[in-house]
file structure.pdb (PDB, C-alpha atoms)
ATOM      1  CA  MET S 230     -20.142   7.015   5.947
ATOM      2  CA  TYR S 231     -16.566   5.763   5.874
ATOM      3  CA  ASP S 232     -13.682   7.312   7.708
ATOM      4  CA  TYR S 233     -10.874   6.932   5.181
ATOM      5  CA  LEU S 234      -7.172   7.315   5.853
ATOM      6  CA  PHE S 235      -6.941   9.875   3.061
ATOM      7  CA  ASP S 236      -9.340  11.691   0.758
ATOM      8  CA  LYS S 237     -10.756   9.221  -1.746
ATOM      9  CA  LYS S 238     -11.069  12.028  -4.310
ATOM     10  CA  ILE S 239      -7.310  11.916  -4.900
ATOM     11  CA  LEU S 240      -7.897   8.536  -6.555
ATOM     12  CA  THR S 241     -11.079   9.315  -8.458
ATOM     13  CA  ALA S 242      -9.683  12.585  -9.824
ATOM     14  CA  ASP S 243      -7.416  10.486 -12.037
ATOM     15  CA  ALA S 244      -9.230   8.680 -14.838
ATOM     16  CA  SER S 245      -6.343   6.207 -15.153
ATOM     17  CA  VAL S 246      -7.291   4.363 -11.934
ATOM     18  CA  PRO S 247      -8.471   0.950 -13.162
ATOM     19  CA  GLU S 248     -11.518  -0.908 -11.921
ATOM     20  CA  PRO S 249     -10.407  -4.069 -10.119
ATOM     21  CA  GLY S 250     -13.350  -6.222 -11.242
ATOM     22  CA  GLU S 251     -16.907  -7.208 -10.464
ATOM     23  CA  ASN S 252     -17.819  -6.623  -6.799
ATOM     24  CA  LEU S 253     -14.265  -5.408  -6.127
ATOM     25  CA  ILE S 254     -13.697  -1.859  -4.873
ATOM     26  CA  LEU S 255     -10.345  -0.065  -4.809
ATOM     27  CA  ARG S 256     -10.321   2.540  -2.029
ATOM     28  CA  PRO S 257      -8.361   4.010   0.893
ATOM     29  CA  LEU S 258      -8.084   2.080   4.149
ATOM     30  CA  SER S 259     -10.996   2.676   6.516
ATOM     31  CA  LYS S 260     -11.377   2.197  10.271
ATOM     32  CA  SER S 261     -14.058  -0.389   9.518
ATOM     33  CA  ASP S 262     -11.483  -2.540   7.701
ATOM     34  CA  TYR S 263     -10.385  -4.049  11.001
ATOM     35  CA  LYS S 264     -13.665  -5.997  10.969
ATOM     36  CA  LYS S 265     -13.324  -6.699   7.238
ATOM     37  CA  GLY S 266     -10.177  -8.780   7.637
ATOM     38  CA  PHE S 267      -7.488  -6.231   6.777
ATOM     39  CA  LEU S 268      -5.049  -7.757   9.261
ATOM     40  CA  ASN S 269      -5.721 -11.250   7.898
ATOM     41  CA  VAL S 270      -4.590 -10.007   4.502
ATOM     42  CA  LEU S 271      -1.373  -8.641   6.013
ATOM     43  CA  LYS S 272      -0.799 -11.990   7.756
ATOM     44  CA  GLN S 273      -0.367 -13.535   4.308
ATOM     45  CA  LEU S 274       2.649 -11.240   3.892
ATOM     46  CA  THR S 275       4.347 -11.131   7.289
ATOM     47  CA  LYS S 276       3.973 -11.402  11.044
ATOM     48  CA  VAL S 277       1.245  -9.083  12.332
ATOM     49  CA  GLY S 278       1.035  -9.989  16.001
ATOM     50  CA  ASP S 279      -1.847  -9.364  18.376
ATOM     51  CA  VAL S 280      -3.466  -6.151  17.172
ATOM     52  CA  THR S 281      -6.696  -5.329  18.975
ATOM     53  CA  GLU S 282      -9.333  -3.129  17.392
ATOM     54  CA  ASP S 283      -8.414  -0.360  19.833
ATOM     55  CA  LEU S 284      -4.741  -0.563  18.843
ATOM     56  CA  PHE S 285      -5.715  -0.618  15.149
ATOM     57  CA  VAL S 286      -7.835   2.527  15.555
ATOM     58  CA  LYS S 287      -5.060   4.309  17.453
ATOM     59  CA  ARG S 288      -2.542   3.526  14.694
ATOM     60  CA  PHE S 289      -5.065   4.524  12.011
ATOM     61  CA  ASN S 290      -5.669   7.871  13.747
ATOM     62  CA  SER S 291      -1.938   8.414  14.184
ATOM     63  CA  MET S 292      -1.320   7.827  10.486
ATOM     64  CA  LYS S 293      -4.272  10.027   9.523
ATOM     65  CA  SER S 294      -2.867  12.842  11.654
ATOM     66  CA  CYS S 295       0.080  13.031   9.219
ATOM     67  CA  PRO S 296      -1.727  14.139   6.052
ATOM     68  CA  GLY S 297       0.225  13.605   2.873
ATOM     69  CA  THR S 298       2.364  10.842   4.349
ATOM     70  CA  TYR S 299       0.432   7.546   4.415
ATOM     71  CA  TYR S 300      -1.621   6.158   1.556
ATOM     72  CA  VAL S 301      -2.894   2.658   2.309
ATOM     73  CA  LEU S 302      -5.035   1.211  -0.457
ATOM     74  CA  VAL S 303      -7.277  -1.801  -0.105
ATOM     75  CA  VAL S 304      -9.359  -3.851  -2.476
ATOM     76  CA  GLU S 305     -12.639  -4.919  -0.913
ATOM     77  CA  ASP S 306     -14.830  -7.736  -2.176
ATOM     78  CA  ALA S 307     -18.155  -5.965  -1.624
ATOM     79  CA  SER S 308     -20.107  -9.190  -2.056
ATOM     80  CA  LYS S 309     -18.321 -10.640   0.995
ATOM     81  CA  ASN S 310     -17.647  -7.401   2.927
ATOM     82  CA  LEU S 311     -13.994  -8.500   3.006
ATOM     83  CA  VAL S 312     -10.637  -6.822   2.337
ATOM     84  CA  VAL S 313      -8.769  -9.043  -0.143
ATOM     85  CA  ALA S 314      -5.695  -6.996  -1.106
ATOM     86  CA  SER S 315      -3.663  -4.050   0.113
ATOM     87  CA  ALA S 316      -0.603  -1.909  -0.550
ATOM     88  CA  THR S 317       0.935   1.149   1.070
ATOM     89  CA  LEU S 318       2.627   4.271  -0.257
ATOM     90  CA  VAL S 319       4.680   6.237   2.268
ATOM     91  CA  ILE S 320       5.784   9.736   1.285
ATOM     92  CA  GLU S 321       9.152  10.713   2.732
ATOM     93  CA  GLN S 322      10.163  14.371   2.910
ATOM     94  CA  LYS S 323      13.746  15.034   1.792
ATOM     95  CA  PHE S 324      16.218  17.886   1.694
ATOM     96  CA  ILE S 325      17.720  16.600  -1.547
ATOM     97  CA  HIS S 326      16.208  17.381  -4.946
ATOM     98  CA  GLU S 327      15.257  20.864  -3.751
ATOM     99  CA  CYS S 328      13.372  19.617  -0.679
ATOM    100  CA  SER S 329      11.404  17.159  -2.742
ATOM    101  CA  VAL S 330       9.576  14.022  -1.655
ATOM    102  CA  ARG S 331      10.178  10.352  -2.351
ATOM    103  CA  GLY S 332       7.567   7.622  -2.451
ATOM    104  CA  ARG S 333       8.091   4.153  -1.053
ATOM    105  CA  ILE S 334       5.698   1.298  -1.835
ATOM    106  CA  GLU S 335       5.412  -1.321   0.880
ATOM    107  CA  ASP S 336       3.287  -4.213   2.096
ATOM    108  CA  VAL S 337       1.856  -5.277  -1.265
ATOM    109  CA  VAL S 338      -0.304  -8.341  -0.671
ATOM    110  CA  VAL S 339      -3.201 -10.108  -2.381
ATOM    111  CA  CYS S 340      -5.169 -12.897  -0.682
ATOM    112  CA  ASN S 341      -4.391 -16.314  -2.068
ATOM    113  CA  ASP S 342      -7.940 -16.826  -3.391
ATOM    114  CA  TYR S 343      -7.769 -13.566  -5.377
ATOM    115  CA  ARG S 344      -4.373 -13.946  -7.032
ATOM    116  CA  GLY S 345      -4.256 -13.989 -10.813
ATOM    117  CA  GLN S 346      -6.796 -11.156 -11.143
ATOM    118  CA  GLU S 347      -4.122  -8.447 -11.551
ATOM    119  CA  LEU S 348      -4.983  -6.867  -8.198
ATOM    120  CA  GLY S 349      -1.297  -6.495  -7.313
ATOM    121  CA  LYS S 350      -0.708  -4.778 -10.633
ATOM    122  CA  ILE S 351      -3.642  -2.427 -10.032
ATOM    123  CA  LEU S 352      -2.463  -1.553  -6.509
ATOM    124  CA  VAL S 353       1.167  -0.934  -7.472
ATOM    125  CA  SER S 354       0.280   1.004 -10.629
ATOM    126  CA  THR S 355      -2.205   3.167  -8.737
ATOM    127  CA  LEU S 356       0.325   3.958  -6.001
ATOM    128  CA  SER S 357       3.052   4.608  -8.572
ATOM    129  CA  ASN S 358       0.789   7.031 -10.446
ATOM    130  CA  LEU S 359      -0.208   8.645  -7.158
ATOM    131  CA  SER S 360       3.436   9.178  -6.199
ATOM    132  CA  GLU S 361       4.025  10.961  -9.503
ATOM    133  CA  LYS S 362       0.887  13.050  -8.963
ATOM    134  CA  LEU S 363       2.224  13.995  -5.508
ATOM    135  CA  SER S 364       5.444  15.283  -7.146
ATOM    136  CA  CYS S 365       7.746  12.550  -5.879
ATOM    137  CA  TYR S 366      11.102  12.589  -7.635
ATOM    138  CA  LYS S 367      11.085   8.773  -7.446
ATOM    139  CA  VAL S 368       9.167   5.858  -6.027
ATOM    140  CA  THR S 369      10.965   2.784  -4.723
ATOM    141  CA  LEU S 370      10.213  -0.629  -3.322
ATOM    142  CA  GLU S 371      12.043  -3.710  -2.134
ATOM    143  CA  CYS S 372      11.052  -7.212  -3.172
ATOM    144  CA  LYS S 373      12.191 -10.800  -3.193
ATOM    145  CA  ASP S 374      14.226 -11.910  -6.209
ATOM    146  CA  GLU S 375      11.362 -14.041  -7.564
ATOM    147  CA  LEU S 376       9.129 -10.951  -7.729
ATOM    148  CA  LEU S 377      11.577  -8.858  -9.767
ATOM    149  CA  PRO S 378       9.961  -9.739 -13.143
ATOM    150  CA  PHE S 379       6.526  -8.677 -11.836
ATOM    151  CA  TYR S 380       7.759  -5.243 -10.749
ATOM    152  CA  GLN S 381       9.939  -4.812 -13.826
ATOM    153  CA  ARG S 382       6.840  -5.300 -16.002
ATOM    154  CA  LEU S 383       5.357  -2.350 -14.105
ATOM    155  CA  GLY S 384       8.310  -0.109 -15.009
ATOM    156  CA  PHE S 385      10.536  -0.555 -11.959
ATOM    157  CA  THR S 386      14.243  -1.106 -12.531
ATOM    158  CA  ARG S 387      17.096  -2.227 -10.352
ATOM    159  CA  GLU S 388      19.580   0.527  -9.634
ATOM    160  CA  SER S 389      22.365  -2.046  -9.760
ATOM    161  CA  ASN S 390      22.733  -5.773 -10.272
ATOM    162  CA  ASN S 391      23.991  -6.155  -6.733
ATOM    163  CA  SER S 392      21.445  -5.899  -3.979
ATOM    164  CA  ASN S 393      22.476  -3.214  -1.540
ATOM    165  CA  TYR S 394      19.328  -3.495   0.502
ATOM    166  CA  LEU S 395      20.475  -3.929   4.099
ATOM    167  CA  GLN S 396      18.369  -4.264   7.168
ATOM    168  CA  LYS S 397      18.634  -4.586  10.893
ATOM    169  CA  ARG S 398      15.585  -6.150  12.512
ATOM    170  CA  PHE S 399      14.599  -5.661  16.109
ATOM    171  CA  GLU S 400      11.964  -8.371  16.467
TER
END
call {"tool": "encode", "arguments": {"input": "structure.pdb", "output": "C-alpha coordinates"}}
result
Amino acid sequence: MYDYLFDKKILTADASVPEPGENLILRPLSKSDYKKGFLNVLKQLTKVGDVTEDLFVKRFNSMKSCPGTYYVLVVEDASKNLVVASATLVIEQKFIHECSVRGRIEDVVVCNDYRGQELGKILVSTLSNLSEKLSCYKVTLECKDELLPFYQRLGFTRESNNSNYLQKRFE
(Lines of atoms letter the chains of each structure in order from A and count residues from 1; the text may use other names and numbers.)
(Lines give C-alpha, C1' and ligand atoms only; values in the text may rest on other atoms or scores of the structure.)
Protein backbone atom coordinates (compact mmCIF):
# COMPACT_ATOMS: atom_id res chain seq x y z
CA MET A 1 0.00 0.00 0.00
CA TYR A 2 1.36 3.39 -0.99
CA ASP A 3 1.17 6.51 1.09
CA TYR A 4 0.50 9.16 -1.55
CA LEU A 5 0.83 12.90 -1.11
CA PHE A 6 -2.74 13.34 -2.32
CA ASP A 7 -5.66 11.09 -3.23
CA LYS A 8 -4.87 9.30 -6.48
CA LYS A 9 -8.59 9.23 -7.32
CA ILE A 10 -8.46 12.93 -8.23
CA LEU A 11 -6.39 11.88 -11.25
CA THR A 12 -8.28 8.74 -12.24
CA ALA A 13 -11.66 10.47 -11.98
CA ASP A 14 -10.73 12.39 -15.12
CA ALA A 15 -10.70 10.27 -18.27
CA SER A 16 -8.46 12.82 -20.01
CA VAL A 17 -5.37 11.78 -18.01
CA PRO A 18 -3.11 10.15 -20.63
CA GLU A 19 -1.16 6.95 -20.17
CA PRO A 20 2.56 7.74 -20.23
CA GLY A 21 3.62 4.52 -21.98
CA GLU A 22 4.54 0.90 -21.46
CA ASN A 23 5.76 0.20 -17.91
CA LEU A 24 5.35 3.89 -17.06
CA ILE A 25 2.94 4.93 -14.30
CA LEU A 26 1.71 8.47 -13.68
CA ARG A 27 0.82 8.91 -10.00
CA PRO A 28 1.15 11.14 -6.92
CA LEU A 29 4.45 11.30 -5.05
CA SER A 30 4.84 8.57 -2.44
CA LYS A 31 7.07 8.27 0.63
CA SER A 32 8.70 5.27 -1.03
CA ASP A 33 9.90 7.50 -3.89
CA TYR A 34 12.92 8.53 -1.85
CA LYS A 35 14.31 5.04 -2.52
CA LYS A 36 13.11 5.16 -6.14
CA GLY A 37 15.39 8.04 -7.08
CA PHE A 38 12.99 10.99 -6.84
CA LEU A 39 15.75 13.31 -5.64
CA ASN A 40 18.05 12.17 -8.46
CA VAL A 41 15.40 13.32 -10.91
CA LEU A 42 15.24 16.73 -9.23
CA LYS A 43 19.05 16.96 -9.39
CA GLN A 44 18.73 17.08 -13.17
CA LEU A 45 16.80 20.33 -12.70
CA THR A 46 18.52 22.15 -9.84
CA LYS A 47 20.57 21.89 -6.67
CA VAL A 48 18.96 19.51 -4.18
CA GLY A 49 21.52 19.32 -1.41
CA ASP A 50 21.90 16.63 1.22
CA VAL A 51 18.38 15.36 1.88
CA THR A 52 18.27 12.32 4.14
CA GLU A 53 15.36 9.92 4.07
CA ASP A 54 14.24 11.25 7.45
CA LEU A 55 14.25 14.83 6.15
CA PHE A 56 12.40 13.73 3.00
CA VAL A 57 9.68 12.02 5.07
CA LYS A 58 9.32 15.05 7.33
CA ARG A 59 8.86 17.36 4.32
CA PHE A 60 6.46 14.88 2.70
CA ASN A 61 4.35 14.74 5.89
CA SER A 62 4.42 18.53 6.19
CA MET A 63 3.17 18.94 2.63
CA LYS A 64 0.53 16.24 3.13
CA SER A 65 -0.74 18.05 6.22
CA CYS A 66 -1.84 20.91 3.92
CA PRO A 67 -4.51 19.13 1.87
CA GLY A 68 -5.44 20.89 -1.33
CA THR A 69 -2.14 22.73 -1.58
CA TYR A 70 0.58 20.42 -2.94
CA TYR A 71 0.20 18.11 -5.92
CA VAL A 72 3.49 16.45 -6.84
CA LEU A 73 3.20 14.05 -9.76
CA VAL A 74 5.79 11.48 -10.70
CA VAL A 75 6.22 9.08 -13.57
CA GLU A 76 7.63 5.75 -12.43
CA ASP A 77 9.25 3.19 -14.69
CA ALA A 78 7.70 0.13 -13.05
CA SER A 79 10.11 -2.21 -14.81
CA LYS A 80 13.03 -0.50 -13.02
CA ASN A 81 11.23 0.63 -9.84
CA LEU A 82 12.54 4.12 -10.63
CA VAL A 83 11.05 7.63 -10.70
CA VAL A 84 11.92 9.12 -14.11
CA ALA A 85 9.94 12.39 -14.23
CA SER A 86 8.16 14.80 -11.93
CA ALA A 87 6.25 18.07 -11.75
CA THR A 88 4.53 20.02 -9.00
CA LEU A 89 1.32 22.03 -8.79
CA VAL A 90 1.03 24.40 -5.83
CA ILE A 91 -2.38 25.88 -5.09
CA GLU A 92 -2.23 29.39 -3.67
CA GLN A 93 -5.22 30.84 -1.83
CA LYS A 94 -6.03 34.43 -2.81
CA PHE A 95 -8.33 37.23 -1.74
CA ILE A 96 -8.68 38.44 -5.32
CA HIS A 97 -11.16 36.91 -7.76
CA GLU A 98 -13.67 36.43 -4.95
CA CYS A 99 -11.25 34.53 -2.71
CA SER A 100 -10.30 32.20 -5.51
CA VAL A 101 -7.21 30.05 -5.92
CA ARG A 102 -4.32 30.18 -8.36
CA GLY A 103 -2.23 27.26 -9.53
CA ARG A 104 1.51 27.41 -10.04
CA ILE A 105 3.39 24.66 -11.89
CA GLU A 106 6.97 24.16 -10.77
CA ASP A 107 9.88 21.75 -10.92
CA VAL A 108 9.03 20.08 -14.23
CA VAL A 109 11.79 17.59 -15.00
CA VAL A 110 12.23 14.44 -17.08
CA CYS A 111 15.31 12.21 -16.77
CA ASN A 112 17.65 12.52 -19.70
CA ASP A 113 17.14 8.89 -20.78
CA TYR A 114 13.35 9.38 -20.94
CA ARG A 115 13.16 12.64 -22.88
CA GLY A 116 11.35 12.62 -26.20
CA GLN A 117 8.51 10.43 -24.88
CA GLU A 118 6.20 13.39 -24.17
CA LEU A 119 6.40 12.85 -20.41
CA GLY A 120 6.84 16.58 -19.79
CA LYS A 121 3.77 17.25 -21.90
CA ILE A 122 1.77 14.65 -19.97
CA LEU A 123 2.85 16.05 -16.59
CA VAL A 124 2.16 19.69 -17.46
CA SER A 125 -1.15 18.93 -19.19
CA THR A 126 -2.31 16.80 -16.27
CA LEU A 127 -1.43 19.50 -13.74
CA SER A 128 -3.02 22.19 -15.91
CA ASN A 129 -6.24 20.17 -16.16
CA LEU A 130 -6.11 19.50 -12.42
CA SER A 131 -5.78 23.21 -11.66
CA GLU A 132 -8.90 23.89 -13.73
CA LYS A 133 -10.72 21.05 -11.96
CA LEU A 134 -9.72 22.61 -8.62
CA SER A 135 -11.36 25.90 -9.71
CA CYS A 136 -8.17 27.90 -10.14
CA TYR A 137 -8.77 31.17 -11.96
CA LYS A 138 -5.38 30.70 -13.64
CA VAL A 139 -2.32 28.50 -13.64
CA THR A 140 1.14 29.96 -14.16
CA LEU A 141 4.72 28.85 -14.52
CA GLU A 142 8.13 30.34 -15.15
CA CYS A 143 10.57 28.90 -17.66
CA LYS A 144 13.77 29.59 -19.52
CA ASP A 145 13.43 31.37 -22.86
CA GLU A 146 14.36 28.22 -24.81
CA LEU A 147 11.41 26.37 -23.26
CA LEU A 148 8.80 28.98 -24.24
CA PRO A 149 7.77 27.15 -27.46
CA PHE A 150 7.19 23.92 -25.49
CA TYR A 151 4.86 25.59 -23.00
CA GLN A 152 3.16 27.69 -25.67
CA ARG A 153 2.24 24.48 -27.51
CA LEU A 154 0.49 23.44 -24.30
CA GLY A 155 -1.64 26.60 -24.27
CA PHE A 156 0.44 28.87 -22.03
CA THR A 157 0.96 32.46 -23.13
CA ARG A 158 3.25 35.23 -22.04
CA GLU A 159 1.44 38.06 -20.31
CA SER A 160 3.85 40.50 -21.92
CA ASN A 161 6.86 40.40 -24.20
CA ASN A 162 9.04 41.73 -21.42
CA SER A 163 9.95 39.34 -18.67
CA ASN A 164 8.91 40.77 -15.34
CA TYR A 165 9.88 37.69 -13.41
CA LEU A 166 12.12 38.91 -10.60
CA GLN A 167 13.74 36.89 -7.90
CA LYS A 168 15.87 37.25 -4.83
CA ARG A 169 17.75 34.09 -3.91
CA PHE A 170 19.01 33.30 -0.45
CA GLU A 171 21.31 30.38 -1.21
call {"tool": "closest_residue", "arguments": {"input": "structure.pdb", "among": "S:Thr241, S:Lys323, S:Thr298, S:Ala316", "to": "Val353 of chain S", "atoms": "only C-alpha atoms"}}
result
S:Ala316
call {"tool": "residues_around", "arguments": {"input": "structure.pdb", "residues": "Glu371 of chain S", "least_positions_apart": "5", "cutoff": "10 Å", "atoms": "all atoms listed in the file", "output": "PyMOL selection string"}}
result
chain S and resi 333-336+376-377+380+387+392+394
call {"tool": "resolve_selection", "arguments": {"input": "structure.pdb", "expression": "the PyMOL selection byres ((chain S and resi 231-240) around 10)", "output": "ChimeraX atom specification"}}
result
/S:230,241-246,255-262,289-302,355-356,358-359,362-363
call {"tool": "atom_distance", "arguments": {"input": "structure.pdb", "atom1": "atom CA of Lys309 of chain S", "atom2": "atom CA of Tyr263 of chain S"}}
result
14.4 Å
call {"tool": "closest_residue", "arguments": {"input": "structure.pdb", "among": "S:Ile351, S:Val304, S:Ile254, S:Cys365", "to": "Gly332 of chain S", "atoms": "all atoms listed in the file"}}
result
S:Cys365
call {"tool": "residues_around", "arguments": {"input": "structure.pdb", "residues": "Glu251 of chain S", "least_positions_apart": "4", "cutoff": "12 Å", "atoms": "all atoms listed in the file", "output": "PDB file with C-alpha atoms, keeping the file's coordinate frame"}}
result
ATOM      1  CA  LEU S 255     -10.345  -0.065  -4.809  1.00  0.00           C
ATOM      2  CA  VAL S 304      -9.359  -3.851  -2.476  1.00  0.00           C
ATOM      3  CA  GLU S 305     -12.639  -4.919  -0.913  1.00  0.00           C
ATOM      4  CA  ASP S 306     -14.830  -7.736  -2.176  1.00  0.00           C
ATOM      5  CA  ALA S 307     -18.155  -5.965  -1.624  1.00  0.00           C
ATOM      6  CA  SER S 308     -20.107  -9.190  -2.056  1.00  0.00           C
ATOM      7  CA  GLN S 346      -6.796 -11.156 -11.143  1.00  0.00           C
TER       8      GLN S 346
END
call {"tool": "atom_distance", "arguments": {"input": "structure.pdb", "atom1": "atom CA of Leu352 of chain S", "atom2": "atom CA of Phe324 of chain S"}}
result
28.2 Å
call {"tool": "atom_distance", "arguments": {"input": "structure.pdb", "atom1": "atom CA of Thr317 of chain S", "atom2": "atom CA of Gly250 of chain S"}}
result
20.2 Å
call {"tool": "closest_residue", "arguments": {"input": "structure.pdb", "among": "S:Val286, S:Leu348, S:Ile320, S:Val337", "to": "Leu253 of chain S", "atoms": "all atoms listed in the file"}}
result
S:Leu348
call {"tool": "decode", "arguments": {"input": "structure.pdb", "residues": "segment 363-378 of chain S", "atoms": "all heavy atoms", "output": "JSON list (two decimals), in the first residue's frame"}}
result
[["chain", "number", "residue", "atom", "x", "y", "z"],
["S", 363, "LEU", "N", -9.74, 22.10, -9.99],
["S", 363, "LEU", "CA", -9.72, 22.61, -8.62],
["S", 363, "LEU", "C", -10.19, 24.06, -8.54],
["S", 363, "LEU", "O", -10.04, 24.72, -7.52],
["S", 363, "LEU", "CB", -8.31, 22.49, -8.03],
["S", 363, "LEU", "CG", -7.80, 21.06, -7.85],
["S", 363, "LEU", "CD1", -6.33, 21.06, -7.47],
["S", 363, "LEU", "CD2", -8.64, 20.30, -6.84],
["S", 364, "SER", "N", -10.77, 24.56, -9.63],
["S", 364, "SER", "CA", -11.36, 25.90, -9.71],
["S", 364, "SER", "C", -10.36, 27.04, -9.61],
["S", 364, "SER", "O", -10.69, 28.12, -9.12],
["S", 364, "SER", "CB", -12.46, 26.08, -8.66],
["S", 364, "SER", "OG", -13.48, 25.12, -8.84],
["S", 365, "CYS", "N", -9.14, 26.82, -10.08],
["S", 365, "CYS", "CA", -8.17, 27.90, -10.14],
["S", 365, "CYS", "C", -8.62, 28.90, -11.21],
["S", 365, "CYS", "O", -9.11, 28.50, -12.26],
["S", 365, "CYS", "CB", -6.79, 27.37, -10.51],
["S", 365, "CYS", "SG", -6.04, 26.33, -9.25],
["S", 366, "TYR", "N", -8.43, 30.18, -10.94],
["S", 366, "TYR", "CA", -8.77, 31.17, -11.96],
["S", 366, "TYR", "C", -7.67, 31.27, -13.00],
["S", 366, "TYR", "O", -7.91, 31.76, -14.10],
["S", 366, "TYR", "CB", -9.10, 32.54, -11.34],
["S", 366, "TYR", "CG", -7.94, 33.28, -10.73],
["S", 366, "TYR", "CD1", -7.21, 34.19, -11.49],
["S", 366, "TYR", "CD2", -7.59, 33.09, -9.40],
["S", 366, "TYR", "CE1", -6.15, 34.88, -10.93],
["S", 366, "TYR", "CE2", -6.54, 33.79, -8.84],
["S", 366, "TYR", "CZ", -5.81, 34.67, -9.61],
["S", 366, "TYR", "OH", -4.77, 35.36, -9.06],
["S", 367, "LYS", "N", -6.45, 30.79, -12.67],
["S", 367, "LYS", "CA", -5.38, 30.70, -13.64],
["S", 367, "LYS", "C", -4.31, 29.77, -13.10],
["S", 367, "LYS", "O", -4.26, 29.48, -11.91],
["S", 367, "LYS", "CB", -4.77, 32.06, -13.97],
["S", 367, "LYS", "CG", -3.92, 32.69, -12.88],
["S", 367, "LYS", "CD", -3.31, 34.01, -13.38],
["S", 367, "LYS", "CE", -2.49, 34.68, -12.29],
["S", 367, "LYS", "NZ", -1.90, 35.94, -12.77],
["S", 368, "VAL", "N", -3.48, 29.29, -14.02],
["S", 368, "VAL", "CA", -2.32, 28.50, -13.64],
["S", 368, "VAL", "C", -1.12, 29.14, -14.34],
["S", 368, "VAL", "O", -1.22, 29.54, -15.51],
["S", 368, "VAL", "CB", -2.47, 27.01, -13.99],
["S", 368, "VAL", "CG1", -2.63, 26.76, -15.49],
["S", 368, "VAL", "CG2", -1.31, 26.19, -13.44],
["S", 369, "THR", "N", -0.04, 29.29, -13.62],
["S", 369, "THR", "CA", 1.14, 29.96, -14.16],
["S", 369, "THR", "C", 2.38, 29.09, -13.98],
["S", 369, "THR", "O", 2.38, 28.11, -13.22],
["S", 369, "THR", "CB", 1.39, 31.30, -13.45],
["S", 369, "THR", "OG1", 1.66, 31.07, -12.07],
["S", 369, "THR", "CG2", 0.20, 32.24, -13.59],
["S", 370, "LEU", "N", 3.42, 29.48, -14.69],
["S", 370, "LEU", "CA", 4.72, 28.85, -14.52],
["S", 370, "LEU", "C", 5.78, 29.80, -15.05],
["S", 370, "LEU", "O", 5.48, 30.73, -15.80],
["S", 370, "LEU", "CB", 4.81, 27.50, -15.23],
["S", 370, "LEU", "CG", 4.50, 27.42, -16.74],
["S", 370, "LEU", "CD1", 5.70, 27.80, -17.58],
["S", 370, "LEU", "CD2", 4.07, 26.01, -17.08],
["S", 371, "GLU", "N", 7.00, 29.61, -14.63],
["S", 371, "GLU", "CA", 8.13, 30.34, -15.15],
["S", 371, "GLU", "C", 9.02, 29.33, -15.86],
["S", 371, "GLU", "O", 9.12, 28.18, -15.45],
["S", 371, "GLU", "CB", 8.92, 31.03, -14.04],
["S", 371, "GLU", "CG", 8.20, 32.18, -13.39],
["S", 371, "GLU", "CD", 7.41, 31.77, -12.16],
["S", 371, "GLU", "OE1", 7.76, 30.75, -11.54],
["S", 371, "GLU", "OE2", 6.44, 32.46, -11.82],
["S", 372, "CYS", "N", 9.67, 29.79, -16.94],
["S", 372, "CYS", "CA", 10.57, 28.90, -17.66],
["S", 372, "CYS", "C", 11.68, 29.70, -18.33],
["S", 372, "CYS", "O", 11.58, 30.91, -18.49],
["S", 372, "CYS", "CB", 9.81, 28.06, -18.68],
["S", 372, "CYS", "SG", 9.20, 28.99, -20.09],
["S", 373, "LYS", "N", 12.69, 28.99, -18.75],
["S", 373, "LYS", "CA", 13.77, 29.59, -19.52],
["S", 373, "LYS", "C", 13.25, 29.93, -20.92],
["S", 373, "LYS", "O", 12.33, 29.28, -21.42],
["S", 373, "LYS", "CB", 14.95, 28.63, -19.61],
["S", 373, "LYS", "CG", 15.56, 28.31, -18.27],
["S", 373, "LYS", "CD", 16.66, 27.28, -18.40],
["S", 373, "LYS", "CE", 17.23, 26.96, -17.03],
["S", 373, "LYS", "NZ", 18.18, 25.87, -17.08],
["S", 374, "ASP", "N", 13.86, 30.93, -21.53],
["S", 374, "ASP", "CA", 13.43, 31.37, -22.86],
["S", 374, "ASP", "C", 13.37, 30.23, -23.87],
["S", 374, "ASP", "O", 12.43, 30.15, -24.66],
["S", 374, "ASP", "CB", 14.35, 32.47, -23.40],
["S", 374, "ASP", "CG", 14.12, 33.80, -22.70],
["S", 374, "ASP", "OD1", 13.07, 33.97, -22.05],
["S", 374, "ASP", "OD2", 15.00, 34.67, -22.82],
["S", 375, "GLU", "N", 14.33, 29.31, -23.82],
["S", 375, "GLU", "CA", 14.36, 28.22, -24.81],
["S", 375, "GLU", "C", 13.22, 27.22, -24.64],
["S", 375, "GLU", "O", 12.92, 26.45, -25.54],
["S", 375, "GLU", "CB", 15.71, 27.50, -24.82],
["S", 375, "GLU", "CG", 16.08, 26.83, -23.51],
["S", 375, "GLU", "CD", 16.96, 27.69, -22.59],
["S", 375, "GLU", "OE1", 16.98, 28.93, -22.72],
["S", 375, "GLU", "OE2", 17.60, 27.09, -21.72],
["S", 376, "LEU", "N", 12.54, 27.28, -23.50],
["S", 376, "LEU", "CA", 11.41, 26.37, -23.26],
["S", 376, "LEU", "C", 10.06, 27.01, -23.57],
["S", 376, "LEU", "O", 9.02, 26.35, -23.51],
["S", 376, "LEU", "CB", 11.42, 25.87, -21.82],
["S", 376, "LEU", "CG", 12.60, 24.97, -21.46],
["S", 376, "LEU", "CD1", 12.60, 24.65, -19.97],
["S", 376, "LEU", "CD2", 12.59, 23.69, -22.28],
["S", 377, "LEU", "N", 10.07, 28.29, -23.92],
["S", 377, "LEU", "CA", 8.80, 28.98, -24.24],
["S", 377, "LEU", "C", 7.99, 28.25, -25.31],
["S", 377, "LEU", "O", 6.78, 28.06, -25.12],
["S", 377, "LEU", "CB", 9.07, 30.42, -24.68],
["S", 377, "LEU", "CG", 9.27, 31.43, -23.55],
["S", 377, "LEU", "CD1", 9.73, 32.76, -24.11],
["S", 377, "LEU", "CD2", 8.02, 31.59, -22.74],
["S", 378, "PRO", "N", 8.58, 27.84, -26.44],
["S", 378, "PRO", "CA", 7.77, 27.15, -27.46],
["S", 378, "PRO", "C", 7.08, 25.88, -26.93],
["S", 378, "PRO", "O", 5.94, 25.60, -27.29],
["S", 378, "PRO", "CB", 8.78, 26.81, -28.55],
["S", 378, "PRO", "CG", 9.87, 27.82, -28.38],
["S", 378, "PRO", "CD", 9.95, 28.06, -26.90]]
